[in-house]
Every structure is written in C-alpha cells, then in structure tokens.
>>> print(open('query08.cif').read())   # mmCIF, C-alpha atoms
data_final
loop_
_atom_site.label_atom_id
_atom_site.label_comp_id
_atom_site.auth_asym_id
_atom_site.auth_seq_id
_atom_site.Cartn_x
_atom_site.Cartn_y
_atom_site.Cartn_z
CA MET A 1 -13.31 9.01 46.45
CA ALA A 2 -14.29 8.12 42.88
CA ARG A 3 -15.99 10.89 40.95
CA THR A 4 -19.61 10.24 40.04
CA ASP A 5 -22.33 11.87 38.00
CA SER A 6 -25.79 12.85 39.19
CA THR A 7 -26.90 9.19 39.27
CA GLY A 8 -23.95 8.14 41.41
CA SER A 9 -22.18 6.16 38.60
CA THR A 10 -18.49 6.43 37.67
CA TRP A 11 -18.56 4.74 34.28
CA ARG A 12 -18.84 8.01 32.36
CA TYR A 13 -15.58 9.25 33.85
CA ARG A 14 -13.86 5.95 33.11
CA TRP A 15 -15.12 6.18 29.52
CA ALA A 16 -13.79 9.74 29.14
CA ARG A 17 -10.39 8.77 30.53
CA ARG A 18 -10.06 5.80 28.17
CA GLN A 19 -11.18 7.88 25.21
CA ASN A 20 -8.65 10.63 25.92
CA GLU A 21 -5.82 8.12 26.36
CA ARG A 22 -6.74 6.41 23.10
CA ARG A 23 -7.04 9.68 21.16
CA LEU A 24 -3.69 10.92 22.46
CA ARG A 25 -1.99 7.62 21.62
CA LEU A 26 -3.29 7.65 18.04
CA PHE A 27 -2.38 11.31 17.61
CA ARG A 28 1.21 10.78 18.77
CA SER A 29 1.59 7.82 16.43
CA ALA A 30 0.23 9.74 13.42
CA GLU A 31 2.32 12.79 14.24
CA GLY A 32 5.47 10.65 14.46
CA THR A 33 4.80 9.23 11.00
CA TRP A 34 4.14 12.71 9.65
CA ARG A 35 7.37 14.11 11.14
CA ARG A 36 9.50 11.33 9.65
CA ARG A 37 8.16 12.07 6.17
CA ASP A 38 8.58 15.81 6.72
CA ASP A 39 12.21 15.34 7.81
CA GLU A 40 12.90 13.20 4.74
CA LEU A 41 11.46 15.78 2.32
CA ARG A 42 13.43 18.60 3.92
CA ARG A 43 16.62 16.51 3.82
CA LEU A 44 16.12 15.94 0.09
CA ARG A 45 15.44 19.65 -0.36
CA THR A 46 18.79 20.48 1.30
CA LEU A 47 20.56 17.79 -0.74
CA ALA A 48 19.12 19.21 -3.96
CA GLU A 49 20.72 22.56 -3.21
CA GLN A 50 24.05 21.43 -1.76
CA CYS A 51 24.92 18.34 -3.87
CA GLN A 52 27.05 20.16 -6.47
CA GLY A 53 29.82 17.55 -6.77
CA SER A 54 33.54 18.09 -7.35
CA ALA A 55 36.26 16.88 -9.66
CA THR A 56 38.47 15.84 -6.71
CA ALA A 57 35.84 13.35 -5.56
CA GLY A 58 36.99 11.09 -8.38
CA ASP A 59 40.64 11.03 -7.28
CA GLY A 60 41.94 7.50 -6.99
CA LEU A 61 39.29 6.05 -9.28
CA PRO A 62 40.24 4.45 -12.61
CA LEU A 63 38.08 7.03 -14.37
CA GLU A 64 39.14 10.00 -16.46
CA LEU A 65 36.77 12.95 -16.19
CA ALA A 66 35.98 15.18 -19.14
CA PRO A 67 36.47 18.97 -18.88
CA GLY A 68 33.69 20.39 -16.68
CA GLU A 69 32.66 16.94 -15.43
CA VAL A 70 32.29 16.53 -11.65
CA VAL A 71 31.49 13.53 -9.44
CA LEU A 72 28.27 13.77 -7.43
CA ARG A 73 28.27 10.39 -5.72
CA VAL A 74 30.30 7.16 -5.50
CA VAL A 75 28.31 4.04 -4.52
CA PRO A 76 30.35 0.93 -3.65
CA ALA A 77 29.05 -2.65 -3.87
CA ALA A 78 27.07 -2.12 -7.08
CA GLN A 79 26.30 -4.86 -9.59
CA LEU A 80 25.85 -4.63 -13.33
CA VAL A 81 22.59 -6.20 -14.56
CA GLU A 82 21.23 -6.86 -18.04
CA MET A 83 17.80 -7.77 -19.37
CA ARG A 84 17.53 -11.02 -21.28
CA HIS A 85 14.83 -9.62 -23.55
CA ASN A 86 14.38 -6.19 -25.09
CA ALA A 87 11.77 -3.94 -23.50
CA VAL A 88 10.74 -0.32 -23.91
CA LEU A 89 11.38 1.72 -20.74
CA PRO A 90 9.60 4.99 -19.88
CA ALA A 91 11.41 8.17 -20.85
CA PRO A 92 13.58 9.69 -18.09
CA ASP A 93 11.99 12.58 -16.22
CA LEU A 94 12.54 14.74 -13.14
CA THR A 95 9.75 13.34 -10.98
CA VAL A 96 10.64 12.93 -7.32
CA GLY A 97 8.17 10.21 -6.38
CA ALA A 98 7.38 9.04 -2.87
CA GLN A 99 8.68 5.61 -1.90
CA THR A 100 5.74 3.19 -2.26
CA GLY A 101 7.22 0.22 -0.40
CA ARG A 102 10.29 -1.36 1.07
CA LEU A 103 12.89 -2.19 -1.57
CA ARG A 104 14.33 -5.69 -1.62
CA ARG A 105 17.63 -6.92 -2.98
CA ARG A 106 16.23 -9.27 -5.60
CA LEU A 107 16.25 -9.48 -9.35
CA PRO A 108 13.05 -8.93 -11.36
CA ASP A 109 12.08 -11.56 -13.90
CA GLY A 110 14.27 -11.54 -17.01
CA VAL A 111 17.19 -9.69 -15.36
CA ARG A 112 20.59 -11.23 -14.62
CA VAL A 113 23.82 -10.04 -12.95
CA THR A 114 26.85 -9.87 -15.26
CA ASP A 115 29.48 -7.94 -13.27
CA ALA A 116 30.17 -6.21 -9.94
CA GLY A 117 32.06 -3.11 -8.86
CA MET A 118 31.20 0.48 -7.90
CA ALA A 119 28.83 3.02 -9.40
CA VAL A 120 29.95 6.62 -10.02
CA VAL A 121 27.35 9.35 -10.67
CA THR A 122 28.68 12.44 -12.47
CA ASN A 123 26.90 15.41 -14.00
CA ARG A 124 27.42 13.87 -17.48
CA ARG A 125 26.99 10.12 -17.06
CA LEU A 126 26.54 7.11 -14.80
CA VAL A 127 29.55 4.79 -14.77
CA LEU A 128 29.95 1.29 -13.33
CA LEU A 129 33.58 0.32 -12.73
CA GLY A 130 33.43 -3.47 -12.67
CA GLY A 131 35.87 -6.33 -12.58
CA ARG A 132 35.32 -7.05 -16.30
CA GLY A 133 35.54 -3.48 -17.47
CA ARG A 134 33.65 -0.22 -17.47
CA ARG A 135 30.04 0.48 -18.45
CA ASP A 136 28.90 4.06 -19.22
CA TRP A 137 25.41 5.51 -19.55
CA ALA A 138 25.60 9.07 -20.91
CA TYR A 139 22.59 11.23 -19.99
CA GLY A 140 22.60 12.90 -23.39
CA ARG A 141 21.99 9.52 -25.07
CA MET A 142 19.57 8.14 -22.51
CA THR A 143 16.17 7.12 -23.96
CA GLY A 144 14.65 5.12 -21.10
CA LEU A 145 14.91 4.93 -17.31
CA ASN A 146 13.03 2.75 -14.85
CA HIS A 147 13.40 2.45 -11.07
CA ASP A 148 11.82 -0.83 -9.97
CA PRO A 149 9.27 -0.02 -7.22
CA HIS A 150 9.92 -3.28 -5.33
CA ALA A 151 13.55 -4.20 -6.04
CA SER A 152 16.68 -2.03 -5.70
CA VAL A 153 17.28 -2.20 -9.46
CA THR A 154 17.56 0.73 -11.88
CA LEU A 155 17.40 -0.06 -15.61
CA ILE A 156 18.61 2.29 -18.36
CA GLN A 157 18.37 2.40 -22.14
CA VAL A 158 20.76 4.43 -24.31
CA LEU A 159 20.97 5.02 -28.05
CA ASP A 160 24.38 3.41 -28.57
CA ARG A 161 23.57 0.11 -26.84
CA ARG A 162 21.08 -2.48 -27.97
CA ARG A 163 20.54 -4.37 -24.73
CA THR A 164 18.94 -2.76 -21.71
CA SER A 165 21.21 -2.75 -18.66
CA GLY A 166 21.47 -1.07 -15.26
CA VAL A 167 22.64 -1.43 -11.68
CA LEU A 168 21.58 -3.44 -8.61
CA LEU A 169 22.37 -1.74 -5.29
CA ARG A 170 21.89 -2.38 -1.60
CA PRO A 171 18.33 -1.47 -0.56
CA ASP A 172 19.57 0.98 2.09
CA VAL A 173 21.38 3.15 -0.48
CA ALA A 174 19.12 2.69 -3.51
CA ALA A 175 16.63 5.47 -2.66
CA GLU A 176 19.30 8.17 -2.27
CA PHE A 177 21.17 6.92 -5.34
CA ARG A 178 17.99 7.35 -7.41
CA PHE A 179 17.51 10.89 -6.13
CA VAL A 180 21.13 11.86 -6.90
CA LEU A 181 20.77 10.31 -10.36
CA THR A 182 17.68 12.51 -10.89
CA LEU A 183 19.72 15.56 -9.86
CA ALA A 184 22.53 14.57 -12.23
CA PHE A 185 20.11 14.18 -15.13
CA ALA A 186 18.56 17.54 -14.22
CA ASP A 187 22.03 19.13 -14.33
CA ALA A 188 22.62 17.63 -17.76
CA ILE A 189 19.51 19.34 -19.12
CA GLU A 190 19.92 22.44 -16.88
CA GLN A 191 16.71 21.82 -14.94
CA ARG A 192 17.85 21.35 -11.33
CA GLN A 193 15.63 24.23 -10.20
CA ALA A 194 12.61 22.24 -11.42
CA VAL A 195 13.51 19.48 -8.95
CA ILE A 196 13.85 22.01 -6.12
CA ASP A 197 10.48 23.57 -6.98
CA GLN A 198 8.88 20.13 -6.99
CA LEU A 199 10.25 19.41 -3.51
CA ASP A 200 8.90 22.75 -2.26
CA GLU A 201 5.43 21.75 -3.50
CA LEU A 202 5.69 18.36 -1.80
CA ILE A 203 6.71 19.99 1.48
CA ASP A 204 3.80 22.45 1.32
CA GLU A 205 1.33 19.69 0.49
CA HIS A 206 2.65 17.52 3.32
CA ALA A 207 2.37 20.44 5.76
CA ARG A 208 -1.39 20.57 5.08
CA LEU A 209 -1.67 16.91 6.08
CA ARG A 210 -0.21 17.44 9.55
CA PRO A 211 -2.49 15.74 12.10
CA SER A 212 -4.26 18.06 14.51
CA ARG A 213 -4.46 17.46 18.24
CA PRO A 214 -7.74 15.68 19.09
CA GLY A 215 -10.45 17.27 21.19
CA ILE A 216 -10.88 16.29 24.84
CA ALA A 217 -13.67 13.84 25.59
CA THR A 218 -15.87 14.75 28.57
CA PRO A 219 -18.04 12.46 30.74
CA GLY A 220 -21.14 14.16 29.40
CA GLN A 221 -20.37 12.81 25.90
CA ALA A 222 -20.61 9.18 27.05
CA ARG A 223 -23.53 7.15 25.73
CA LEU A 224 -25.14 4.04 27.13
CA LEU A 225 -23.67 2.04 24.24
CA ALA A 226 -20.31 2.45 25.97
CA LEU A 227 -21.51 -0.02 28.62
CA ILE A 228 -21.91 -2.77 26.00
CA PRO A 229 -18.70 -4.71 25.17
CA GLY A 230 -17.89 -3.80 21.60
CA GLY A 231 -20.00 -0.62 21.69
CA ARG A 232 -22.22 0.37 18.77
CA ARG A 233 -20.97 -2.42 16.52
CA THR A 234 -22.07 -5.10 18.99
CA ALA A 235 -25.47 -3.43 19.40
CA VAL A 236 -26.02 -3.35 15.64
CA VAL A 237 -25.09 -7.02 15.26
CA ALA A 238 -27.38 -8.00 18.14
CA ALA A 239 -30.27 -6.06 16.63
CA ALA A 240 -29.73 -7.71 13.25
CA LEU A 241 -29.72 -11.17 14.83
CA ALA A 242 -32.91 -10.36 16.74
CA VAL A 243 -34.65 -9.73 13.42
CA MET A 244 -33.08 -12.49 11.34
CA VAL A 245 -33.39 -15.46 13.72
CA PRO A 246 -37.23 -15.38 14.07
CA VAL A 247 -37.58 -14.96 10.30
CA ALA A 248 -35.29 -17.93 9.66
CA LEU A 249 -37.21 -20.10 12.13
CA ALA A 250 -40.56 -19.13 10.61
CA ASN A 251 -39.37 -20.02 7.11
CA SER A 252 -37.82 -23.35 8.09
CA GLY A 253 -41.13 -25.10 9.09
CA PRO A 254 -41.41 -28.39 11.05
CA SER A 255 -39.31 -31.35 10.00
CA ASP A 256 -40.85 -34.63 8.73
CA PRO A 257 -38.67 -37.62 9.71
CA THR A 258 -40.49 -40.08 7.43
CA GLY A 259 -40.45 -37.92 4.31
CA THR A 260 -43.96 -39.12 3.37
CA GLU A 261 -45.71 -35.80 3.73
CA THR A 262 -43.09 -34.01 1.65
CA ALA A 263 -43.30 -36.59 -1.12
CA VAL A 264 -47.07 -36.40 -1.38
CA ALA A 265 -47.10 -32.62 -1.31
CA ALA A 266 -44.60 -32.46 -4.12
CA THR A 267 -46.78 -34.54 -6.50
CA GLY A 268 -50.28 -34.12 -7.94
CA ALA A 269 -53.31 -35.95 -6.57
CA PRO A 270 -53.72 -38.48 -9.45
CA ALA A 271 -50.10 -39.50 -9.18
CA ALA A 272 -50.53 -40.18 -5.49
CA THR A 273 -53.57 -42.50 -6.20
CA SER A 274 -51.69 -44.46 -8.86
CA THR A 275 -48.74 -44.94 -6.58
CA SER A 276 -50.93 -46.14 -3.75
CA THR A 277 -52.64 -48.72 -6.04
CA ALA A 278 -49.34 -50.02 -7.33
CA ALA A 279 -48.08 -50.40 -3.82
CA ARG A 280 -51.07 -52.56 -2.84
CA GLY A 281 -50.61 -54.81 -5.86
CA THR A 282 -46.91 -55.51 -5.42
CA GLY A 283 -46.61 -55.33 -1.68
CA SER A 284 -43.84 -52.71 -1.91
CA THR A 285 -43.82 -49.03 -1.10
CA ALA A 286 -43.06 -46.60 -3.94
CA VAL A 287 -42.46 -42.94 -3.20
CA PRO A 288 -42.47 -40.66 -6.24
CA ARG A 289 -39.68 -38.07 -6.46
CA SER A 290 -40.48 -34.44 -6.99
CA THR A 291 -39.22 -32.75 -10.10
CA ASP A 292 -37.62 -29.31 -9.90
CA THR A 293 -37.74 -27.55 -13.25
CA SER A 294 -36.51 -24.18 -11.98
CA THR A 295 -33.27 -22.92 -13.46
CA ALA A 296 -30.30 -21.96 -11.29
CA SER A 297 -29.65 -18.25 -11.00
CA PRO A 298 -26.16 -17.00 -11.90
CA LYS A 299 -23.74 -17.01 -8.97
CA PRO A 300 -23.20 -13.48 -7.64
CA GLU A 301 -19.71 -12.06 -7.55
CA ARG A 302 -17.97 -12.73 -4.20
CA ARG A 303 -17.05 -9.41 -2.59
CA CYS A 304 -18.60 -9.47 0.93
CA GLY A 305 -19.31 -5.74 0.87
CA ALA A 306 -16.22 -4.59 -1.05
CA PRO A 307 -16.74 -2.20 -3.98
CA LYS A 308 -16.68 -3.71 -7.46
CA ASN A 309 -13.10 -3.68 -8.77
CA PRO A 310 -11.12 -5.41 -11.54
CA MET A 311 -8.41 -6.57 -9.10
CA GLY A 312 -10.74 -9.03 -7.35
CA TYR A 313 -10.19 -7.52 -3.88
CA ASP A 314 -12.85 -8.36 -1.29
CA PHE A 315 -13.56 -8.66 2.45
CA CYS A 316 -14.35 -12.37 2.40
CA GLY A 317 -11.04 -13.63 3.77
CA GLY A 318 -8.07 -15.03 1.92
CA LYS A 319 -4.59 -13.84 1.00
CA ARG A 320 -3.53 -10.47 2.36
CA VAL A 321 -2.66 -7.82 -0.24
CA ARG A 322 0.83 -6.43 0.48
CA GLU A 323 1.57 -5.03 -2.98
CA PRO A 324 -1.72 -3.59 -4.27
CA ALA A 325 -2.32 -2.63 -7.87
CA ARG A 326 -1.60 0.95 -8.89
CA GLU A 327 -5.29 1.65 -9.60
CA VAL A 328 -6.49 0.49 -6.16
CA CYS A 329 -7.41 4.05 -5.12
CA ASP A 330 -9.60 4.39 -8.24
CA HIS A 331 -12.00 1.82 -6.77
CA PHE A 332 -11.43 2.11 -2.99
CA ASP A 333 -11.48 5.26 -0.83
CA CYS A 334 -7.81 5.49 0.24
CA VAL A 335 -6.54 7.36 3.30
CA PRO A 336 -4.24 10.39 2.78
CA GLY A 337 -0.65 9.25 2.34
CA PHE A 338 -1.85 5.77 1.34
CA TRP A 339 1.36 4.78 -0.46
CA GLU A 340 3.47 5.57 2.60
CA GLY A 341 2.11 2.44 4.28
CA ARG A 342 4.46 -0.52 4.89
CA GLY A 343 2.02 -3.38 5.56
CA TYR A 344 -1.05 -4.93 3.95
CA LEU A 345 -4.43 -3.58 2.85
CA VAL A 346 -7.02 -3.01 5.59
CA GLN A 347 -10.31 -1.15 5.78
CA CYS A 348 -10.72 1.44 8.54
CA GLU A 349 -13.86 1.96 10.62
CA ASN A 350 -14.80 5.01 8.51
CA GLY A 351 -14.67 2.98 5.28
CA LYS A 352 -11.30 4.18 3.98
CA VAL A 353 -8.53 1.70 3.11
CA SER A 354 -4.94 1.86 4.37
CA LEU A 355 -1.69 0.06 3.45
CA ALA A 356 -0.50 0.03 7.08
CA GLY A 357 -2.09 -3.29 8.10
CA GLY A 358 -0.10 -5.12 10.78
CA SER A 359 1.06 -1.88 12.41
CA PRO A 360 -0.44 -0.60 15.68
CA ARG A 361 -0.71 2.78 13.96
CA ALA A 362 -2.94 1.48 11.15
CA CYS A 363 -6.08 3.62 10.64
CA GLY A 364 -5.05 5.71 13.66
CA LEU A 365 -6.96 8.78 12.50
CA HIS A 366 -9.84 6.84 10.95
CA GLY A 367 -11.38 4.97 13.89
CA GLY A 368 -9.07 1.93 13.88
CA VAL A 369 -8.95 -1.18 11.71
CA ARG A 370 -12.27 -2.73 10.76
CA ARG A 371 -11.25 -5.66 8.54
CA THR A 372 -8.61 -6.93 6.13
CA VAL A 373 -8.81 -6.55 2.35
CA THR A 374 -8.05 -9.89 0.68
CA ALA A 375 -7.51 -11.23 -2.80
#
>>> encode(input="query08.cif", output="structure tokens")
Amino acid sequence: MARTDSTGSTWRYRWARRQNERRLRLFRSAEGTWRRRDDELRRLRTLAEQCQGSATAGDGLPLELAPGEVVLRVVPAAQLVEMRHNAVLPAPDLTVGAQTGRLRRRLPDGVRVTDAGMAVVTNRRLVLLGGRGRRDWAYGRMTGLNHDPHASVTLIQVLDRRRTSGVLLRPDVAAEFRFVLTLAFADAIEQRQAVIDQLDELIDEHARLRPSRPGIATPGQARLLALIPGGRRTAVVAAALAVMVPVALANSGPSDPTGTETAVAATGAPAATSTSTAARGTGSTAVPRSTDTSTASPKPERRCGAPKNPMGYDFCGGKRVREPAREVCDHFDCVPGFWEGRGYLVQCENGKVSLAGGSPRACGLHGGVRRTVTA
C-alpha cells in the first residue's frame, strides 16, 4: 500500500524520493570531479619529490651531458617552432597553475614549425634533437617562458638567441612536460622545495572544497509548489503574466480601422476645420499627418539581466562562450573551481556562473543550470 500523509495523499513522499535521488546524483558527480583533481595534485606532489633524473637516462641519445647534468625526461615526437615576429614573454617562474582548458595540437598565430625530433629535459637545459640539428635552451640564460593555455606549445626566450622559439608536443603529454620543465628550472635555481610547498598548499586548499553529503529530504518539507510543473519558477512567471497582460490590454485601447479618429485627435481644432473646407471645395479627402517632435532616447545596452562587463557577455542568446576572458570572474560570481570546467559558460540557479556547460554535472551543487551566457 502506498504511504500517505494525514490528508491521504502520496505526492509528498514521491517528492521526497525524487529530491533524495537528485541530491545523491549531484553529490556523486561533484565528488567524482573533486577526487580526480585531488588524485592529480597528489600525483604531481609525488612526482616533485621522486623525479630526480639520472645520467644513464641519456644513454643512446646523440647528446653529451656536462658534469653533474642529469636527464629528467625524454619526450618523443616533439616539433621545433619559431615565432615570425619578436615578442616579449613573461619571465619564467615556479608557479604550478591549474589547467584551464583542453589543450589542442594547433599553432598560435605567428608561429611556424621548422624541425621535428625529440625533446630532452635535463637539470641544466632543454634540448630538442631534430633532423636538422640540435637546439638548446639553457635555464641560466632564459629570460622568458610562456605555456600557451589553449595549444600544446611552449615558447622560450634566451639571451644568446634573437628569435623566440620553443616546442610543440602532443596534447596528452604537454601538461606533464610543462610540470617537469618547471621542476628542472627549479633545480637550476635550487628552489625545488618551493614547488613542493606550493603543491602542499594547493592540496590543502582543494581539501576544503570537498563536497559534503547532502541532507535527506523528508515528506514534511514538500510545498504545494511541487505540484506545479516547473515548481517555483513556473509560479513566478505565471504571476508576472497575470499582472502584465491586463496592463498591456488597458494601455493598448480600441483599434480604429478607418484611421479618421486618430488623425483628428493628433491635430488641432483649426487645422481640422481647414482640412474639412478644402475637402468640400475639391471633392477629395485630405487627412493631415501628425507630427512627432519627441527625440529618441538612447538605446539601452543589451544584457538581458547580465551584470555590466567589458567583454559583452549577456543572457540574450547568441554564441556560446567556450574560452572566456581571464577577467570574467571580476564581473560575474564564479563557482569554486571555475577554471576546471571543460564546457561553455552557463549561469546556475543560484546566480553563479560555471564553465561546465554541456555536462550533466554542470551547476550540480548550485541548483542546476538556469541559462547560457552568450557573447
């Protein structure tokens, strides 16, 4: 027999069951995402301690190591790239940044491939052993380093070379290559412990973001709005329409199919008399046109409820934003771990924005997806 409340209805129990299933589904999805990031940070933490390299790792390579130089990583299928125009790259540092998007094997504008071979990362330099020769980038002479956030390209500037060059790798190995290169640079300046400390801070910060198990919904928490398809949102829309429709009808007024009444009302009384007299004398009907001397008001900015922002993002519909500007969280309220998203910009039911649009886990802990952010 179906369980009922004091009124004999079962809908409250059905509501509680659906709510608990939904909450558990969203929690498991969010926890899975959290665990994957936690596993990745701990793997990098272990790699930072154990990746010490060895001189024997370079055996068989056409590369002579200097005294005290060890090989940390050998990456096959690397390509040498060069920039067509000079540019100033940011100074190299020891920041272990989170991946902000999926890397693609493509060349940024102004970059071309000039050779192919394998990349060797040592504690003194990065070397590309190509078919046309060897290219070295010594850490002690490095002045600029840039990892492209969208393409699997790393560009480097050194003091003894005028043109900026670098390597293009497969997207599946680029992230780990960049981390090992950071470790190698840290070894060169004797700051590997700083990288390890940074990873410890990231792990601790991520631990505080672990999703908590949701509370259990009970039949007594059900509200009558649950009986309406769409819930509270549908009720709000219906209430707004109930107010707006009568107002719109009252302001519209009756229609005049002949247009005579409108024309007379829009002109002064003397003008109407003169027109009538002229019509009797010529046998034709002349209807004076009204003159509108009001000035047009400036067109408001099109945002459809979105906060004012210099990127031009709105909720009005248009092109989805898959690669948002870096300052997006300065103008929108972003969810925790925003840059870990792998989709397009969406707004959650609680007003926050997420970069996980297109995924069933989008806005899982924020009430679900409300609408898409467009540009």
>>> resolve_selection(input="query08.cif", expression="the PyMOL selection byres ((chain A and resi 324) around 9)", output="PDB file with C-alpha atoms, in the coordinates of the input")
ATOM      1  CA  MET A 311      -8.410  -6.570  -9.100  1.00  0.00           C
ATOM      2  CA  VAL A 321      -2.660  -7.820  -0.240  1.00  0.00           C
ATOM      3  CA  ARG A 322       0.830  -6.430   0.480  1.00  0.00           C
ATOM      4  CA  GLU A 323       1.570  -5.030  -2.980  1.00  0.00           C
ATOM      5  CA  ALA A 325      -2.320  -2.630  -7.870  1.00  0.00           C
ATOM      6  CA  ARG A 326      -1.600   0.950  -8.890  1.00  0.00           C
ATOM      7  CA  GLU A 327      -5.290   1.650  -9.600  1.00  0.00           C
ATOM      8  CA  VAL A 328      -6.490   0.490  -6.160  1.00  0.00           C
ATOM      9  CA  TYR A 344      -1.050  -4.930   3.950  1.00  0.00           C
ATOM     10  CA  LEU A 345      -4.430  -3.580   2.850  1.00  0.00           C
ATOM     11  CA  LEU A 355      -1.690   0.060   3.450  1.00  0.00           C
TER      12      LEU A 355
END
>>> resolve_selection(input="query08.cif", expression="the PyMOL selection byres ((chain A and resi 113-116) around 10)", output="number ranges by chain")
A: 76-83, 107, 111-112, 117-119, 128-135, 165-168
>>> closest_residue(input="query08.cif", among="A:Thr218, A:Cys329, A:Asp39, A:Leu94", to="Ile196 (chain A)", atoms="all atoms listed in the file")
A:Leu94
>>> resolve_selection(input="query08.cif", expression="the PyMOL selection byres ((chain A and resi 375) around 12)", output="PyMOL selection string")
chain A and resi 302-304+306+309-325+344-346+372-374
>>> closest_residue(input="query08.cif", among="A:Gly364, A:Gly343, A:Gly144, A:Gly53", to="Val158 (chain A)", atoms="only C-alpha atoms")
A:Gly144
>>> atom_distance(input="query08.cif", atom1="CA of Leu199 (chain A)", atom2="CA of Ala186 (chain A)")
13.7 Å
>>> residues_around(input="query08.cif", residues="Pro92 (chain A)", least_positions_apart="4", cutoff="9 Å", atoms="all atoms listed in the file", output="compact mmCIF listing (two decimals) with C-alpha atoms, keeping the file's coordinate frame")
# COMPACT_ATOMS: atom_id res chain seq x y z
CA MET A 142 19.57 8.14 -22.51
CA THR A 143 16.17 7.12 -23.96
CA GLY A 144 14.65 5.12 -21.10
CA LEU A 145 14.91 4.93 -17.31
CA ASN A 146 13.03 2.75 -14.85
CA ILE A 156 18.61 2.29 -18.36
CA THR A 182 17.68 12.51 -10.89
CA PHE A 185 20.11 14.18 -15.13
>>> closest_residue(input="query08.cif", among="A:Ala87, A:Ala174, A:Glu201, A:Arg223", to="Gln157 (chain A)", atoms="only C-alpha atoms")
A:Ala87
